[in-house]
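Asks: The structure that follows is given in the form of structure tokens.
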Amino acid sequence: MTHAVLPDTKAPSRPSWVRRNKLAIAPWIFLIPALIFFAIYVVIPIFESLWLSLYEWNGLYDVNGNSTAVWVGFDNYAKLWDDPNFWVSLRNNIAWLVLYMLAVPLGLFIALFLNQTVTGMRFYKSMFFFPFVISQVVVGLIFGWFYNPDFGVVGTVWKAIFCEETVNIVGNVTFTCSRPAPDILSSPEWATYGIIAAGLWPQIAYCMILYLTGLNNVAADQIEAARLDGAKGWKMLWYVVVPQLKPATFIAVVVTVIGALRSFDMIAIMTQGGPFGSTNVLSHYMYEVAISEYGERYGYGSSVATVLFGIMLFFISYFLWRMYQDEKGGR
Amino acid sequence: MFLNLKTAVAAIALSAVAGTAFARDLVINFDDLNPGPKKGFEDAVEMFKAENPDINVIVNINDREAHKTAIRNFLTADAPDVTSWYPGNRMAPFVDAGLFQPVDDVWEENGFNEDLAAIKATMSRDGKIWGVPYSYYQWGIYYRKDIFDLLELEEPGTWDELLAACGKMKENGVTPFTIGTKFLWTAAGVFDYINLRTNGYDVHNALTAGEIKYTDPRIVATFDNWEQLINECGFVDNHASMSWQDAIAPFANGDAAMYVMGNFSVDGYKNAGLTEEQIDFMPFPTINADVPPAEEAPADAFFIPANAKNVEDAKKFLAFVARPDVQTQWNKTIGQLPINSKADISDDKFIQEGFALLNAATGLAQFYDRDAPAAMAKAGMEGFQEFMLDPSKKDAVLQRLDEVQAEVY
């Protein structure tokens, strides 16, 4: 007696909701940890900072752990408007943005120059790339010494031209100069440009490396064709090579703009914003009024940060929009 | 968090070893890791322990700059029983936020009102006394004795004598003053002294308390004198790119002859190769003979946080650090001056001169950046530096400082 095995009449069970939507859900599951941290360390602090800029607060809590902040509305922004130090910082930020852009063409020319096959080229390339590898703090220190009117390169050269060695009253060697050596970092007019020049050094190296990789992808056949059509020199560069380097140019501009707006380390190392605040930029001014020893005005510092955030947001939105447009065009 | 853990571990370890739970913890935060000051503090703590075997003292020593940041957190989050800090306006934010507790009773019981009288005003705010100082040091002019001897100059006692001496130095190719204003506060020392000598202690206090304007004729007079000092004496070139340590180089080399500085700089001169015979100290010369002498003498002090757990022993420690014998020993170690008028001083010549100077003073200023609120001090010192680089900007600088003053107070 055998029982006929009944066919399984149960309809195949519908896959669960998770299973059905796993392609849509999976990315989110992988994203969640990153999103949580991004929210805690980036998004929420941005809003806290915006909120704090409407308070006056010296950063202290009372005995019971309550903040001593006082609501002042938009007072901090009104103060900013009348604060000459803020305008000096903003002007310096613009100087940084404009002059820092020099890194892009200069990086391109060095890249073109290095894009040849000569023995030992790898070595030269790495030497040119070297300044980008060392920390900004170190670059700042080196340039600070470089500009030093007493023992730096500038001072030494100056002494060789304009000064003579004499013996002072106690019999030690000293220098008497027909005109005093230029003290770049303590001159309110020149200090900012001195720091920007120092900042350009690693930034040019960065742009150079971007262009070097870009140059590897330039189509040889197009160059060949252009050459047959008689293009050479600047025309070749401008109409044939540069258009092909567009992606590299875009990235170089983006990193340079962001680098210019983030300029903080070198100012902190070379001048601390001095002399009398004339080399401050917004990021350093924010640090100075909020966190430094003579600051402790967190609300005011937050309002400076908010302005800087606004400027950054403008550039970053533009870049994101450009990238989005490019991607759409690419499809 | 960290402190808590440390405290707990130390307490457990101690009770395990001694088998007693009666030892009371006393947590002290101190803010100087330099060998001298650290030793001075640790020696004092050892002595305190020996006298109070029932108190379990736990010490946390931090670097000065780190302490300035840390105190803002630990006063609320995890308060020690005693912390070092500075009097004058530097203690004001903490007093105003209710984070320190008044210690008037300590002063009362130990007779500090008499023995520490000179510093009492500085330690007070809102009619209460907030801490106990253990040390201070004098400011004045350190000069190259050998250069003065070569030029046959005496210590100038008055403004005119100083200007005359400067003239002679310049004729002989010596820059009268060295200074490094990169970190700003050194310029404030010069300003304070010219102001104290031109207008006196009360005007200094009124200015730093925001009661008189920077365009006030009295302050303008101070700046006029300063301009005269810049023109007729003069400071080293490039001072805006030098720290106070960098500025020792021209002084040690004999290019500059005088330095308006605090006594902590003596070590720097000696390290730069100058001998005790080559350097000497003089008070800043008199400008207006009618103004009673007042000096700069920044003090270091101990405070009890409002959240302290062991207030009773904390007060015992505060009473201890101001005792004459403790202050004598401590200040000998760190090369500074005891504040307790009954304490003895070491026979170092700079200390001796400083002691005589400060005892004769009718008022002790803390220093521009400790007496004025932080935001004002920053703007003020930037203004001083700007003025020193270009005295013709005087009016613009004073105008600007008035605006900042109106905003800060």
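Letters A, B, ... go to the chains of the structure tokens in the order shown; residues in each chain start at 1; ligands are counted from 1 in the same order.
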As number ranges by chain, please: the residues near Gln203 in chain A (cut-off 12 Å, only C-alpha atoms, same-chain neighbours under 4 positions excluded).
Replies: A: 99-108, 128-136, 139, 196-199, 207-210, 252-260, 263
Asks: For a quick test of understanding: name the residues of chain B lying within 9 Å of chain A when counting only C-alpha atoms, and present them as a ChimeraX atom specification.
Replies: /B:65,68-69,72-73,75-77,93-94,97-99,146-147,150,172-174,181-184,237-241,253-255,306-307,369,373-379,381-386,389,404,407
Asks: Would you mind writing down, as a VMD selection string, each residue of range 209-394 of chain B that DSSP on the backbone assigns to alpha helix (DSSP H)?
Replies: chain B and resid 217 to 228 248 to 253 266 to 271 311 to 321 324 to 334 349 to 360 368 to 371 374 to 389 394
Asks: Residues within 12 Å of Ala206 in chain B, please, as a ChimeraX atom specification. Count only C-alpha atoms; anything in the same chain fewer than 5 positions from it doesn't count.
Replies: /B:195-196,199-201,211-214,216,218-219,365,368,371-372
Asks: Counting only C-alpha atoms, which residues of range 104-208 of chain B sit at most 6 Å from some atom of range 279-301 of chain B, and what is each one's closest atom pair with its distance in Å to one decimal, listed by chain and rising residue number, as a tab-separated table?
Replies:
residue	atom	partner	partner_atom	distance
B:Val132	CA	B:Ala301	CA	5.3
B:Pro133	CA	B:Ala301	CA	3.7
B:Tyr134	CA	B:Ala301	CA	5.6
B:Ser135	CA	B:Asp300	CA	5.6
B:Tyr136	CA	B:Ala299	CA	4.2
B:Tyr137	CA	B:Ala297	CA	5.4
B:Gln138	CA	B:Ala297	CA	4.9
B:Trp139	CA	B:Glu296	CA	5.6
B:Gly140	CA	B:Pro283	CA	5.0
B:Ile141	CA	B:Met282	CA	5.3
B:Tyr142	CA	B:Phe281	CA	4.6
B:Tyr143	CA	B:Asp280	CA	5.5
B:Arg144	CA	B:Ile279	CA	4.7
B:Lys145	CA	B:Ile279	CA	5.2
B:Gly157	CA	B:Pro285	CA	4.8
B:Thr158	CA	B:Thr286	CA	4.6
B:Trp159	CA	B:Ile287	CA	5.1
B:Arg197	CA	B:Ile287	CA	5.4
B:Thr198	CA	B:Asn288	CA	5.5
B:Gly200	CA	B:Val291	CA	5.6
B:Tyr201	CA	B:Ala294	CA	5.9
Asks: Output the selection as a JSON list (two decimals), in the first residue's frame - C-alpha atoms for each residue.
Replies:
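After the write, part00.json holds the following:
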[["chain", "number", "residue", "atom", "x", "y", "z"],
["B", 132, "VAL", "CA", 44.80, 82.81, 47.81],
["B", 133, "PRO", "CA", 47.97, 83.80, 45.92],
["B", 134, "TYR", "CA", 51.27, 82.00, 46.39],
["B", 135, "SER", "CA", 53.69, 83.94, 44.24],
["B", 136, "TYR", "CA", 54.23, 86.98, 42.08],
["B", 137, "TYR", "CA", 57.07, 88.69, 40.26],
["B", 138, "GLN", "CA", 58.07, 92.20, 39.38],
["B", 139, "TRP", "CA", 58.28, 93.95, 36.04],
["B", 140, "GLY", "CA", 60.67, 96.73, 35.20],
["B", 141, "ILE", "CA", 63.63, 97.50, 32.97],
["B", 142, "TYR", "CA", 66.39, 94.92, 32.64],
["B", 143, "TYR", "CA", 69.48, 96.53, 31.20],
["B", 144, "ARG", "CA", 73.03, 95.75, 30.10],
["B", 145, "LYS", "CA", 75.15, 97.00, 32.96],
["B", 157, "GLY", "CA", 65.40, 107.81, 37.55],
["B", 158, "THR", "CA", 63.25, 110.20, 35.57],
["B", 159, "TRP", "CA", 61.79, 110.37, 32.10],
["B", 197, "ARG", "CA", 53.86, 106.51, 35.52],
["B", 198, "THR", "CA", 51.86, 109.13, 33.62],
["B", 200, "GLY", "CA", 48.88, 106.19, 38.15],
["B", 201, "TYR", "CA", 47.20, 103.06, 39.40]]
Asks: Report the distance between CA of Tyr300 in chain A and CA of Ala406 in chain B in Å, rounded to one decimal place.
Replies: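 Between these atoms lies a distance of 16.0 Å.
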Asks: Pick out the residues sitting within 12 Å of Lys332 in chain B, and hand them over as a list in words; count only C-alpha atoms, and ignore anything fewer than 2 positions along from it in its own chain.
Replies: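 Answer for this query is Gly36, Pro37, Lys39, Gly40, Phe41, Asp43, Ala44, Tyr134, Ser135, Tyr136, Asp325, Val326, Gln327, Thr328, Gln329, Trp330, Ile334, Gly335, Gln336, Leu337, Pro338, Ala343, Asp344, Ile345, Ser346, Asp347, Asp348, Ile351 and Gln352 of chain B.
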